[in-house]
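Printed here is coords_10.csv (CSV, C-alpha atoms):
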```csv
chain,number,residue,atom,x,y,z
A,540,MET,CA,-57.3,-22.7,-40.6
A,541,ILE,CA,-58.5,-20.1,-43.2
A,542,GLU,CA,-58.0,-17.5,-40.5
A,543,LEU,CA,-54.4,-18.6,-40.0
A,544,PHE,CA,-53.9,-18.6,-43.8
A,545,GLN,CA,-55.3,-15.1,-44.1
A,546,ARG,CA,-53.3,-13.8,-41.1
A,547,ALA,CA,-50.1,-15.3,-42.5
A,548,ILE,CA,-50.6,-13.4,-45.8
A,549,PHE,CA,-51.7,-10.0,-44.6
A,550,GLU,CA,-51.7,-9.2,-40.9
A,551,GLU,CA,-48.4,-11.0,-40.0
A,552,ASN,CA,-46.8,-10.7,-43.4
A,553,LEU,CA,-43.2,-11.8,-42.9
A,554,ALA,CA,-41.7,-8.9,-45.0
A,555,LEU,CA,-43.9,-6.1,-43.9
A,556,ALA,CA,-44.7,-6.9,-40.3
A,557,PHE,CA,-41.6,-8.8,-39.2
A,558,PHE,CA,-39.1,-7.3,-41.6
A,559,LEU,CA,-37.9,-10.8,-42.7
A,560,GLY,CA,-36.1,-11.4,-46.0
A,561,MET,CA,-35.5,-7.7,-46.4
A,562,CYS,CA,-32.1,-8.1,-48.1
A,563,THR,CA,-33.6,-10.1,-51.0
A,564,TYR,CA,-36.8,-8.0,-50.8
A,565,LEU,CA,-34.9,-4.7,-51.6
A,566,ALA,CA,-32.2,-6.1,-53.8
A,567,VAL,CA,-34.4,-7.9,-56.4
A,568,SER,CA,-37.4,-5.6,-56.5
A,569,LYS,CA,-36.1,-3.4,-59.2
A,570,ARG,CA,-37.9,-5.2,-62.0
A,571,LEU,CA,-41.4,-6.8,-62.0
A,572,ASP,CA,-40.4,-10.1,-63.8
A,573,THR,CA,-37.5,-10.9,-61.5
A,574,ALA,CA,-39.6,-10.1,-58.4
A,575,LEU,CA,-42.3,-12.5,-59.7
A,576,GLY,CA,-39.7,-15.2,-60.2
A,577,VAL,CA,-38.2,-14.9,-56.8
A,578,GLY,CA,-41.7,-14.6,-55.2
A,579,ILE,CA,-42.8,-17.9,-56.8
A,580,ALA,CA,-39.5,-19.6,-55.8
A,581,LEU,CA,-40.0,-18.5,-52.2
A,582,ILE,CA,-43.6,-19.8,-52.1
A,583,VAL,CA,-42.4,-23.2,-53.3
A,584,VAL,CA,-39.4,-23.4,-50.8
A,585,GLN,CA,-41.5,-22.0,-47.9
A,586,ALA,CA,-44.4,-24.4,-48.5
A,587,ILE,CA,-42.1,-27.4,-48.4
A,588,SER,CA,-39.6,-26.3,-45.8
A,589,VAL,CA,-42.0,-25.3,-43.0
A,590,PRO,CA,-43.9,-28.7,-42.8
A,591,LEU,CA,-40.6,-30.6,-43.3
A,592,ASN,CA,-38.9,-28.7,-40.5
A,593,HIS,CA,-42.0,-29.4,-38.4
A,594,VAL,CA,-41.7,-33.1,-38.9
A,595,LEU,CA,-38.0,-32.9,-38.0
A,596,HIS,CA,-38.6,-30.8,-35.0
A,597,ALA,CA,-41.4,-33.1,-33.7
A,598,TYR,CA,-39.6,-36.4,-34.2
A,599,LEU,CA,-35.9,-35.5,-33.6
A,600,LEU,CA,-35.3,-32.2,-31.9
A,601,LYS,CA,-38.0,-31.4,-29.4
A,602,ALA,CA,-37.6,-32.3,-25.7
A,603,GLY,CA,-38.6,-36.0,-25.4
A,604,ALA,CA,-38.9,-36.4,-29.2
A,605,LEU,CA,-36.3,-39.2,-29.3
A,606,ALA,CA,-38.6,-41.4,-27.1
A,607,TRP,CA,-39.0,-43.7,-30.2
A,608,LEU,CA,-35.3,-44.4,-30.0
A,609,GLY,CA,-35.5,-45.2,-26.3
A,610,LEU,CA,-34.0,-41.9,-25.3
A,611,PRO,CA,-36.9,-40.0,-23.6
A,612,ASP,CA,-34.6,-37.6,-21.7
A,613,VAL,CA,-32.7,-36.1,-24.6
A,614,ASP,CA,-33.5,-32.5,-25.6
A,615,LEU,CA,-31.8,-31.4,-28.9
A,616,GLY,CA,-33.7,-28.2,-29.0
A,617,PHE,CA,-30.5,-26.1,-29.1
A,618,MET,CA,-29.7,-27.8,-32.5
A,619,ARG,CA,-32.8,-26.2,-34.0
A,620,LEU,CA,-31.3,-23.3,-35.8
A,621,ILE,CA,-28.4,-25.2,-37.4
A,622,THR,CA,-30.7,-28.1,-38.4
A,623,PHE,CA,-33.1,-25.7,-40.1
A,624,ILE,CA,-30.4,-23.9,-42.0
A,625,GLY,CA,-28.9,-27.2,-43.2
A,626,ILE,CA,-32.4,-28.5,-44.2
A,627,VAL,CA,-33.2,-25.3,-46.1
A,628,ALA,CA,-29.9,-25.2,-47.9
A,629,ALA,CA,-30.2,-28.9,-48.8
A,630,LEU,CA,-33.8,-28.5,-49.9
A,631,VAL,CA,-32.9,-25.6,-52.2
A,632,GLN,CA,-30.1,-27.7,-53.7
A,633,VAL,CA,-32.3,-30.7,-54.3
A,634,LEU,CA,-35.1,-28.6,-55.7
A,635,GLU,CA,-32.6,-27.0,-58.1
A,636,MET,CA,-31.4,-30.4,-59.4
A,637,LEU,CA,-34.9,-31.9,-59.6
A,638,LEU,CA,-36.2,-28.9,-61.6
A,639,ASP,CA,-33.1,-29.0,-63.9
A,640,ARG,CA,-33.8,-32.7,-64.6
A,641,PHE,CA,-37.6,-32.8,-65.0
A,642,LEU,CA,-38.8,-29.3,-65.7
A,643,PRO,CA,-36.0,-27.5,-67.6
A,644,GLY,CA,-38.3,-24.7,-68.6
A,645,LEU,CA,-39.2,-23.8,-65.1
A,646,TYR,CA,-35.6,-24.3,-64.1
A,647,ARG,CA,-34.4,-21.7,-66.6
A,648,ALA,CA,-37.1,-19.3,-65.2
A,649,LEU,CA,-36.6,-19.8,-61.5
A,650,GLY,CA,-33.2,-21.5,-61.2
A,651,ILE,CA,-31.1,-18.4,-60.7
A,652,TYR,CA,-33.4,-17.3,-57.8
A,653,LEU,CA,-33.2,-20.5,-55.8
A,654,PRO,CA,-29.7,-20.1,-54.4
A,655,LEU,CA,-30.7,-16.6,-53.2
A,656,LEU,CA,-33.2,-18.3,-50.9
A,657,ALA,CA,-30.8,-20.7,-49.3
A,658,ILE,CA,-29.9,-18.1,-46.7
A,659,ASN,CA,-33.1,-16.0,-46.5
A,660,CYS,CA,-34.4,-14.8,-43.1
A,661,ALA,CA,-38.0,-15.2,-44.3
A,662,ILE,CA,-37.5,-18.9,-44.7
A,663,ILE,CA,-35.6,-19.6,-41.5
A,664,GLY,CA,-37.8,-17.2,-39.7
A,665,GLY,CA,-40.9,-18.9,-40.9
A,666,SER,CA,-39.7,-22.2,-39.5
A,667,LEU,CA,-38.6,-20.6,-36.2
A,668,PHE,CA,-42.0,-19.0,-35.8
A,669,MET,CA,-43.6,-22.4,-36.5
A,670,VAL,CA,-41.7,-23.8,-33.5
A,671,GLU,CA,-42.3,-20.9,-31.3
A,672,ARG,CA,-46.1,-20.9,-31.8
A,673,GLN,CA,-46.3,-24.6,-31.6
A,674,TYR,CA,-48.3,-25.2,-34.8
A,675,ASP,CA,-49.2,-28.8,-35.7
A,676,LEU,CA,-48.4,-30.4,-39.0
A,677,ALA,CA,-51.5,-29.2,-40.9
A,678,GLU,CA,-51.2,-25.7,-39.4
A,679,SER,CA,-47.5,-25.5,-40.3
A,680,ALA,CA,-48.3,-26.5,-43.9
A,681,VAL,CA,-50.9,-23.7,-44.1
A,682,TYR,CA,-48.6,-21.3,-42.4
A,683,GLY,CA,-45.8,-22.0,-44.8
A,684,LEU,CA,-47.9,-21.6,-47.8
A,685,GLY,CA,-49.5,-18.4,-46.5
A,686,THR,CA,-46.3,-16.7,-45.5
A,687,GLY,CA,-44.8,-17.6,-48.8
A,688,ILE,CA,-47.7,-16.0,-50.7
A,689,GLY,CA,-47.7,-13.0,-48.5
A,690,TRP,CA,-44.0,-12.4,-49.1
A,691,ALA,CA,-44.4,-12.8,-52.8
A,692,LEU,CA,-47.3,-10.4,-52.9
A,693,ALA,CA,-45.3,-7.8,-51.0
A,694,ILE,CA,-42.3,-8.0,-53.3
A,695,VAL,CA,-44.4,-8.0,-56.5
A,696,THR,CA,-46.3,-4.9,-55.2
A,697,LEU,CA,-43.0,-3.1,-54.4
A,698,ALA,CA,-41.5,-4.0,-57.8
A,699,ALA,CA,-44.5,-2.8,-59.7
A,700,ILE,CA,-44.3,0.6,-57.8
A,701,ARG,CA,-40.6,0.9,-58.3
A,702,GLU,CA,-40.9,0.3,-62.0
A,703,ARG,CA,-43.2,3.3,-62.2
A,704,LEU,CA,-41.0,5.4,-59.8
A,705,ARG,CA,-38.1,5.1,-62.1
A,706,TYR,CA,-39.6,7.9,-64.2
A,707,ALA,CA,-40.6,10.0,-61.2
A,708,ASP,CA,-38.8,13.1,-60.2
A,709,VAL,CA,-37.6,12.0,-56.7
A,710,PRO,CA,-35.2,14.2,-54.7
A,711,ARG,CA,-31.7,13.2,-55.5
A,712,GLY,CA,-30.7,11.7,-52.1
A,713,LEU,CA,-33.9,9.8,-51.8
A,714,GLU,CA,-33.6,7.9,-55.1
A,715,GLY,CA,-33.3,4.2,-55.0
A,716,LEU,CA,-33.0,2.8,-51.5
A,717,GLY,CA,-34.6,5.6,-49.6
A,718,MET,CA,-37.6,5.7,-51.7
A,719,ALA,CA,-37.9,1.9,-51.6
A,720,PHE,CA,-38.1,2.1,-47.8
A,721,ILE,CA,-40.7,4.8,-47.7
A,722,VAL,CA,-42.9,3.0,-50.3
A,723,THR,CA,-42.5,-0.2,-48.3
A,724,GLY,CA,-43.7,1.6,-45.3
A,725,LEU,CA,-46.8,2.8,-47.1
A,726,ILE,CA,-47.4,-0.8,-48.5
A,727,ALA,CA,-47.1,-2.1,-44.9
A,728,MET,CA,-49.7,0.4,-43.8
A,729,GLY,CA,-52.0,-0.9,-46.5
A,730,PHE,CA,-51.4,-4.5,-45.5
A,731,SER,CA,-52.0,-3.8,-41.9
A,732,ALA,CA,-55.4,-2.4,-42.8
A,733,PHE,CA,-56.5,-6.0,-43.5
A,734,ALA,CA,-56.1,-6.8,-39.8
A,735,GLY,CA,-59.3,-8.0,-38.4
A,736,VAL,CA,-61.0,-8.7,-41.8
A,737,ARG,CA,-62.3,-12.2,-41.8
A,738,VAL,CA,-63.6,-14.2,-44.7
A,739,LEU,CA,-65.7,-16.6,-42.6
B,1442,MET,CA,-2.1,2.3,-37.1
B,1443,LEU,CA,-4.1,4.9,-39.0
B,1444,LYS,CA,-5.1,2.3,-41.5
B,1445,SER,CA,-6.5,0.0,-38.9
B,1446,LEU,CA,-8.3,2.9,-37.3
B,1447,HIS,CA,-9.9,3.6,-40.7
B,1448,THR,CA,-11.0,-0.1,-40.9
B,1449,VAL,CA,-13.0,0.5,-37.8
B,1450,THR,CA,-14.4,4.0,-38.5
B,1451,ASP,CA,-15.2,3.8,-42.2
B,1452,PRO,CA,-18.2,1.5,-41.8
B,1453,LEU,CA,-19.7,3.9,-39.2
B,1454,LEU,CA,-20.9,6.4,-41.8
B,1455,ASP,CA,-19.1,6.3,-45.1
B,1456,LYS,CA,-19.4,2.6,-45.7
B,1457,ASN,CA,-22.3,1.9,-43.4
B,1458,PRO,CA,-23.5,-1.7,-44.0
B,1459,VAL,CA,-27.2,-0.8,-43.6
B,1460,THR,CA,-27.5,2.5,-45.5
B,1461,VAL,CA,-24.9,1.9,-48.2
B,1462,HIS,CA,-24.7,-1.8,-48.8
B,1463,ILE,CA,-28.4,-2.7,-47.8
B,1464,LEU,CA,-27.1,-5.5,-45.6
B,1465,GLY,CA,-28.7,-6.9,-42.5
B,1466,ILE,CA,-32.0,-5.1,-42.5
B,1467,CYS,CA,-33.7,-8.5,-42.1
B,1468,SER,CA,-33.5,-8.7,-38.4
B,1469,ALA,CA,-32.8,-5.1,-37.8
B,1470,LEU,CA,-36.1,-3.3,-37.8
B,1471,ALA,CA,-38.3,-5.6,-35.8
B,1472,VAL,CA,-36.3,-5.0,-32.6
B,1473,THR,CA,-36.3,-1.2,-32.9
B,1474,THR,CA,-39.5,-0.6,-30.9
B,1475,SER,CA,-37.4,0.1,-27.8
B,1476,VAL,CA,-33.8,1.1,-27.3
B,1477,SER,CA,-33.0,-1.7,-24.9
B,1478,THR,CA,-33.9,-4.5,-27.3
B,1479,ALA,CA,-32.0,-2.8,-30.1
B,1480,LEU,CA,-29.0,-2.4,-27.9
B,1481,THR,CA,-29.1,-6.1,-26.8
B,1482,LEU,CA,-29.4,-7.3,-30.4
B,1483,SER,CA,-26.6,-5.0,-31.6
B,1484,LEU,CA,-24.3,-6.2,-28.9
B,1485,ALA,CA,-25.1,-9.9,-29.7
B,1486,LEU,CA,-24.4,-9.2,-33.4
B,1487,ILE,CA,-21.1,-7.4,-32.7
B,1488,VAL,CA,-19.9,-10.2,-30.5
B,1489,VAL,CA,-20.9,-12.9,-33.0
B,1490,LEU,CA,-19.6,-11.1,-36.0
B,1491,THR,CA,-16.2,-10.3,-34.4
B,1492,ILE,CA,-15.6,-13.8,-33.2
B,1493,ALA,CA,-16.8,-15.3,-36.4
B,1494,ALA,CA,-14.5,-13.1,-38.5
B,1495,GLY,CA,-11.6,-14.0,-36.2
B,1496,ILE,CA,-12.2,-17.7,-36.5
B,1497,ILE,CA,-12.8,-17.7,-40.2
B,1498,SER,CA,-9.8,-15.6,-40.8
B,1499,LEU,CA,-7.6,-18.0,-38.8
B,1500,ILE,CA,-8.6,-21.0,-40.8
B,1501,ARG,CA,-8.9,-19.2,-44.2
B,1502,HIS,CA,-6.1,-21.2,-45.8
B,1503,HIS,CA,-7.6,-24.5,-44.8
B,1504,ILE,CA,-11.2,-24.0,-46.2
B,1505,PRO,CA,-11.6,-25.3,-49.8
B,1506,SER,CA,-13.3,-22.6,-51.7
B,1507,SER,CA,-16.1,-24.9,-53.0
B,1508,ILE,CA,-17.5,-25.5,-49.5
B,1509,ARG,CA,-16.6,-22.2,-47.9
B,1510,ILE,CA,-20.2,-20.9,-47.6
B,1511,ILE,CA,-21.2,-24.0,-45.7
B,1512,VAL,CA,-18.2,-23.8,-43.4
B,1513,GLN,CA,-18.9,-20.2,-42.7
B,1514,ILE,CA,-22.6,-20.7,-42.0
B,1515,THR,CA,-21.8,-23.6,-39.6
B,1516,ILE,CA,-19.3,-21.5,-37.7
B,1517,ILE,CA,-21.7,-18.5,-37.5
B,1518,ALA,CA,-24.7,-20.6,-36.6
B,1519,SER,CA,-22.8,-22.3,-33.8
B,1520,LEU,CA,-21.8,-18.9,-32.4
B,1521,VAL,CA,-25.4,-17.6,-32.7
B,1522,ILE,CA,-26.6,-20.7,-30.8
B,1523,VAL,CA,-24.1,-20.0,-28.0
B,1524,ALA,CA,-25.2,-16.3,-27.9
B,1525,ASP,CA,-28.8,-17.3,-27.8
B,1526,GLN,CA,-28.3,-19.8,-24.9
B,1527,ILE,CA,-26.3,-17.3,-22.9
B,1528,LEU,CA,-29.1,-14.8,-23.3
B,1529,GLN,CA,-31.7,-17.3,-22.3
B,1530,ALA,CA,-29.6,-18.2,-19.2
B,1531,PHE,CA,-28.8,-14.7,-17.9
B,1532,ALA,CA,-31.5,-12.5,-19.4
B,1533,TYR,CA,-34.6,-14.6,-19.9
B,1534,ALA,CA,-37.1,-11.8,-20.1
B,1535,MET,CA,-35.0,-10.0,-22.8
B,1536,SER,CA,-34.6,-13.2,-24.8
B,1537,GLN,CA,-38.4,-13.6,-24.8
B,1538,ARG,CA,-38.9,-10.1,-26.1
B,1539,LEU,CA,-36.3,-10.7,-28.9
B,1540,SER,CA,-38.1,-13.9,-29.8
B,1541,VAL,CA,-36.7,-15.5,-33.0
B,1542,PHE,CA,-34.5,-12.5,-33.9
B,1543,VAL,CA,-31.4,-13.6,-32.0
B,1544,SER,CA,-31.4,-16.8,-34.0
B,1545,LEU,CA,-31.9,-14.8,-37.2
B,1546,ILE,CA,-28.5,-13.2,-36.6
B,1547,ALA,CA,-27.2,-16.4,-38.3
B,1548,THR,CA,-29.0,-15.4,-41.6
B,1549,ASN,CA,-28.1,-11.8,-41.2
B,1550,CYS,CA,-26.5,-10.7,-44.5
B,1551,ILE,CA,-23.9,-8.5,-42.6
B,1552,VAL,CA,-22.3,-11.5,-41.0
B,1553,LEU,CA,-21.9,-13.7,-44.0
B,1554,GLY,CA,-21.2,-10.6,-46.2
B,1555,ARG,CA,-18.2,-9.5,-44.0
B,1556,THR,CA,-16.7,-12.9,-43.5
B,1557,GLU,CA,-17.0,-13.7,-47.2
B,1558,ALA,CA,-15.8,-10.3,-48.5
B,1559,PHE,CA,-13.2,-9.5,-45.9
B,1560,ALA,CA,-12.3,-12.2,-43.4
B,1561,LEU,CA,-11.5,-14.8,-46.0
B,1562,ASN,CA,-8.8,-12.6,-47.5
B,1563,ASN,CA,-7.2,-10.9,-44.5
B,1564,ARG,CA,-5.3,-11.6,-41.4
B,1565,PRO,CA,-7.2,-12.2,-38.2
B,1566,LEU,CA,-6.6,-8.8,-36.5
B,1567,PRO,CA,-7.7,-6.6,-39.5
B,1568,ALA,CA,-10.6,-9.0,-40.0
B,1569,MET,CA,-11.8,-8.6,-36.4
B,1570,LEU,CA,-11.4,-4.8,-36.6
B,1571,ASP,CA,-13.5,-4.7,-39.8
B,1572,ALA,CA,-16.1,-6.8,-38.2
B,1573,LEU,CA,-16.2,-4.6,-35.1
B,1574,GLY,CA,-16.6,-1.5,-37.3
B,1575,ASN,CA,-19.4,-3.0,-39.4
B,1576,GLY,CA,-21.1,-4.3,-36.2
B,1577,ALA,CA,-20.9,-0.8,-34.8
B,1578,GLY,CA,-22.2,0.8,-38.0
B,1579,TYR,CA,-25.2,-1.5,-37.8
B,1580,ALA,CA,-25.7,-0.7,-34.1
B,1581,ILE,CA,-25.7,3.0,-34.8
B,1582,VAL,CA,-28.5,2.7,-37.4
B,1583,LEU,CA,-30.5,0.4,-35.1
B,1584,LEU,CA,-30.1,2.7,-32.1
B,1585,VAL,CA,-31.0,5.9,-34.0
B,1586,VAL,CA,-34.2,4.2,-35.3
B,1587,ALA,CA,-35.0,2.7,-31.9
B,1588,PHE,CA,-34.4,6.1,-30.2
B,1589,ILE,CA,-36.9,7.9,-32.5
B,1590,ARG,CA,-39.5,5.1,-32.3
B,1591,GLU,CA,-39.4,4.7,-28.5
B,1592,LEU,CA,-39.2,8.4,-27.7
B,1593,LEU,CA,-42.1,9.4,-30.0
B,1594,GLY,CA,-44.1,6.1,-29.7
B,1595,ALA,CA,-44.0,5.6,-25.9
B,1596,GLY,CA,-42.4,8.8,-24.5
B,1597,THR,CA,-39.7,6.7,-22.8
B,1598,LEU,CA,-36.0,5.8,-23.4
B,1599,MET,CA,-34.7,2.4,-22.1
B,1600,GLY,CA,-38.0,2.2,-20.2
B,1601,PHE,CA,-37.5,5.5,-18.3
B,1602,GLY,CA,-40.1,8.1,-18.8
B,1603,ILE,CA,-38.7,11.1,-20.7
B,1604,LEU,CA,-41.8,12.9,-22.1
B,1605,PRO,CA,-44.7,13.2,-19.5
B,1606,LEU,CA,-47.7,11.3,-21.0
B,1607,VAL,CA,-51.2,12.6,-21.1
B,1608,ALA,CA,-52.4,9.5,-19.4
B,1609,GLU,CA,-50.2,10.3,-16.4
B,1610,GLY,CA,-51.1,14.0,-16.3
B,1611,GLY,CA,-48.4,15.3,-18.6
B,1612,TRP,CA,-48.7,16.9,-22.0
B,1613,TYR,CA,-47.3,14.3,-24.5
B,1614,GLN,CA,-49.8,12.2,-26.5
B,1615,PRO,CA,-47.8,9.2,-27.7
B,1616,MET,CA,-47.8,8.4,-31.4
B,1617,ARG,CA,-48.9,4.8,-31.5
B,1618,LEU,CA,-48.0,4.6,-35.2
B,1619,MET,CA,-44.4,4.8,-34.2
B,1620,LEU,CA,-44.6,1.5,-32.5
B,1621,LEU,CA,-46.1,-0.2,-35.6
B,1622,ALA,CA,-44.1,-1.7,-38.5
B,1623,PRO,CA,-44.6,0.9,-41.2
B,1624,SER,CA,-43.0,3.7,-39.3
B,1625,ALA,CA,-39.7,1.7,-39.1
B,1626,PHE,CA,-39.5,1.6,-42.8
B,1627,ILE,CA,-40.3,5.3,-43.2
B,1628,ILE,CA,-37.8,6.4,-40.5
B,1629,LEU,CA,-35.1,4.3,-42.2
B,1630,GLY,CA,-36.0,5.8,-45.5
B,1631,LEU,CA,-35.6,9.3,-44.2
B,1632,LEU,CA,-32.4,8.3,-42.4
B,1633,VAL,CA,-31.0,7.1,-45.8
B,1634,TRP,CA,-32.0,10.4,-47.3
B,1635,ALA,CA,-30.3,12.4,-44.6
B,1636,VAL,CA,-27.1,10.4,-44.9
B,1637,ARG,CA,-27.1,10.6,-48.7
B,1638,SER,CA,-27.7,14.3,-48.6
B,1639,ALA,CA,-24.7,14.8,-46.3
B,1640,ARG,CA,-22.6,12.3,-48.4
B,1641,PRO,CA,-23.6,12.8,-52.1
B,1642,ALA,CA,-21.0,10.2,-53.1
B,1643,GLN,CA,-23.4,7.5,-51.8
B,1644,GLN,CA,-26.2,8.5,-54.1
B,1645,GLU,CA,-27.3,5.9,-56.6
B,1646,PRO,CA,-26.6,6.5,-60.2
B,1647,ARG,CA,-29.6,7.5,-62.2
B,1648,GLU,CA,-31.2,4.7,-64.1
B,1649,PHE,CA,-33.2,7.1,-66.2
B,1650,THR,CA,-32.2,10.6,-67.3
B,1651,PRO,CA,-35.1,13.0,-67.6
B,1652,TYR,CA,-35.4,14.6,-71.0
B,1653,ALA,CA,-35.9,18.0,-69.5
B,1654,PRO,CA,-32.8,19.8,-68.3
B,1655,GLU,CA,-31.8,19.4,-64.6
B,1656,ARG,CA,-33.6,21.8,-62.3
B,1657,GLN,CA,-31.4,24.8,-61.4
B,1658,VAL,CA,-30.9,25.2,-57.6
B,1659,GLN,CA,-31.5,28.8,-56.6
B,1660,PRO,CA,-28.5,30.2,-54.8
```

Render the structure in this file as structure tokens.
Amino acid sequence: MIELFQRAIFEENLALAFFLGMCTYLAVSKRLDTALGVGIALIVVQAISVPLNHVLHAYLLKAGALAWLGLPDVDLGFMRLITFIGIVAALVQVLEMLLDRFLPGLYRALGIYLPLLAINCAIIGGSLFMVERQYDLAESAVYGLGTGIGWALAIVTLAAIRERLRYADVPRGLEGLGMAFIVTGLIAMGFSAFAGVRVL
Amino acid sequence: MLKSLHTVTDPLLDKNPVTVHILGICSALAVTTSVSTALTLSLALIVVLTIAAGIISLIRHHIPSSIRIIVQITIIASLVIVADQILQAFAYAMSQRLSVFVSLIATNCIVLGRTEAFALNNRPLPAMLDALGNGAGYAIVLLVVAFIRELLGAGTLMGFGILPLVAEGGWYQPMRLMLLAPSAFIILGLLVWAVRSARPAQQEPREFTPYAPERQVQP
């Protein structure tokens, strides 16, 4: 379990190894504080949505999952993508309303980033990987949390470097996007160096 | 006629969705380890994007603007599911190699970006031409990156040997790094640099002006 958690953060980092959530990753990594906000929002959404989607997949969509309704032959697997997108969009909306009602301070800090995450490849991709690798409920909870933390770590690192790079003398055509890509490549190399390192 | 031609050709280089608008990198880079996977994903994206733009443009007057995002996502996701099922039925090995990335076309920013920005305000034919152009612009970037990575990383193109490998008695020692994730980022960074050097209009405005005067370029 710890190994899965560690792998989800470093070795199989969604942003750096699977290129997921790249649009958000590059667009909001110009400043450290916004990157931190979107990173925390993603951890929260990812940690809830992956186990939630697991439950839905196990009891509604998987082949034979509707046996409890007396329909053992039904396979709704093809509905997976559209269900996950709907669930994530609804979850983001509900989370936004709950935060606004009960934790207005946190809502003011994170609220503007939540809608960004409704259509984020990292979140949908995390749920799809969970199905493809057949994680059980506990594993998918750990995987969700781990991938969320890994993605947040990656975006905060990039934002911190980009803040410093703003004052660097970069070749004119490489400024901005080009430099962000190359820095991301170097960060990805750093993260892949954690492959094989085990805590226990 | 010339105008509609421009709708198709502009996104290829001058308004390329990937290098200029930073759209759709999400699913783009993971499939660029070989040209054949990049080609398959590009084709799937072009088909989905063109049909989605056509459908959304046809019903654009009937979508209430408050729920337009949900309507668009539903249409796009349905098309992606169809594309995924077709791929699984007729090219199962390829769909296994593409893993979740075909499904992720649905969350690809290019698709939603083009339908939202263009198809909702234009007639079906221009909307589909615009979608075709943007899909092709995406495909070009994907294929260039895949070409470099597969050629240097494995010495092959589309699975055919191009450079004779050392392991098979040739002279080329494959660069394994090219097949790993970091190289994709770096190649794309260099590609953006190349495009922006050729098209200085695409360069980003400076956020910070150095106090020292601009360096003089020697003639």

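Going from atom CA of B:Tyr1579 to atom CA of B:Pro1458 covers 6.4 Å.
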
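Interface residues on chain B toward chain A (cut-off 6 Å, all atoms listed in the file): B:Ile1466, B:Cys1467, B:Ala1471, B:Ala1518, B:Thr1548, B:Ala1622, B:Pro1623, B:Phe1626, B:Ile1627, B:Gly1630, B:Val1633, B:Trp1634, B:Arg1637, B:Ser1638, B:Gln1644.
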
Within 8 Å of stretch 1492-1509 of chain B, counting all atoms listed in the file, which residues qualify if same-chain residues fewer than 6 places away don't, as a ChimeraX atom specification? /B:1516-1517,1520,1555-1556,1560-1566,1568-1569,1572

Shortest contact to A:Phe623, candidates A:Leu595, A:Val695, A:Ile587, A:Ala732, atoms counted all atoms listed in the file, goes to A:Leu595

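Distance annotation: of B:Ser1536, B:Ser1483, B:Thr1478, B:Gln1526, the residue with the minimal separation from B:Asn1549 is B:Ser1483; atom set is only C-alpha atoms.
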
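Comparing B:Leu1453, B:Ala1530, B:Cys1550, B:Ile1589 by their smallest distance to B:Leu1490, the closest is B:Cys1550 (using all atoms listed in the file).
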
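Considering only C-alpha atoms, the residue among B:Glu1591, B:Asp1525, B:Asp1571, B:Glu1609 positioned nearest to B:Leu1621 is B:Glu1591.
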
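When atom CA of B:Ala1635 is paired with atom CA of B:Val1449, their separation reads 22.1 Å.
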
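If you look at atom CA of B:Pro1615 and atom CA of B:Leu1631, they are 20.5 Å away from each other.
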
From the block I gave, I'd like stretch 643-650 of chain A written with N, CA, C and O atoms, as a PDB file, in the first residue's frame.
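Result file follows (selection_26.pdb):
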```
ATOM      1  N   PRO A 643     -16.264  29.473   4.239  1.00  0.00           N
ATOM      2  CA  PRO A 643     -16.142  30.569   3.260  1.00  0.00           C
ATOM      3  C   PRO A 643     -14.702  31.033   3.060  1.00  0.00           C
ATOM      4  O   PRO A 643     -14.341  31.466   1.957  1.00  0.00           O
ATOM      5  N   GLY A 644     -13.872  30.917   4.099  1.00  0.00           N
ATOM      6  CA  GLY A 644     -12.481  31.337   3.960  1.00  0.00           C
ATOM      7  C   GLY A 644     -11.763  30.490   2.928  1.00  0.00           C
ATOM      8  O   GLY A 644     -11.104  30.999   2.018  1.00  0.00           O
ATOM      9  N   LEU A 645     -11.930  29.161   3.079  1.00  0.00           N
ATOM     10  CA  LEU A 645     -11.303  28.235   2.151  1.00  0.00           C
ATOM     11  C   LEU A 645     -11.890  28.405   0.748  1.00  0.00           C
ATOM     12  O   LEU A 645     -11.189  28.305  -0.257  1.00  0.00           O
ATOM     13  N   TYR A 646     -13.198  28.708   0.697  1.00  0.00           N
ATOM     14  CA  TYR A 646     -13.841  28.893  -0.602  1.00  0.00           C
ATOM     15  C   TYR A 646     -13.227  30.065  -1.341  1.00  0.00           C
ATOM     16  O   TYR A 646     -12.973  29.999  -2.539  1.00  0.00           O
ATOM     17  N   ARG A 647     -12.966  31.142  -0.605  1.00  0.00           N
ATOM     18  CA  ARG A 647     -12.371  32.305  -1.268  1.00  0.00           C
ATOM     19  C   ARG A 647     -10.977  31.982  -1.784  1.00  0.00           C
ATOM     20  O   ARG A 647     -10.545  32.514  -2.804  1.00  0.00           O
ATOM     21  N   ALA A 648     -10.268  31.085  -1.052  1.00  0.00           N
ATOM     22  CA  ALA A 648      -8.908  30.758  -1.479  1.00  0.00           C
ATOM     23  C   ALA A 648      -8.906  29.765  -2.649  1.00  0.00           C
ATOM     24  O   ALA A 648      -8.118  29.886  -3.577  1.00  0.00           O
ATOM     25  N   LEU A 649      -9.787  28.747  -2.598  1.00  0.00           N
ATOM     26  CA  LEU A 649      -9.732  27.672  -3.593  1.00  0.00           C
ATOM     27  C   LEU A 649     -10.843  27.734  -4.623  1.00  0.00           C
ATOM     28  O   LEU A 649     -10.753  27.094  -5.661  1.00  0.00           O
ATOM     29  N   GLY A 650     -11.919  28.501  -4.298  1.00  0.00           N
ATOM     30  CA  GLY A 650     -13.124  28.448  -5.118  1.00  0.00           C
ATOM     31  C   GLY A 650     -12.890  28.664  -6.593  1.00  0.00           C
ATOM     32  O   GLY A 650     -13.437  27.937  -7.427  1.00  0.00           O
TER      33      GLY A 650
END
```
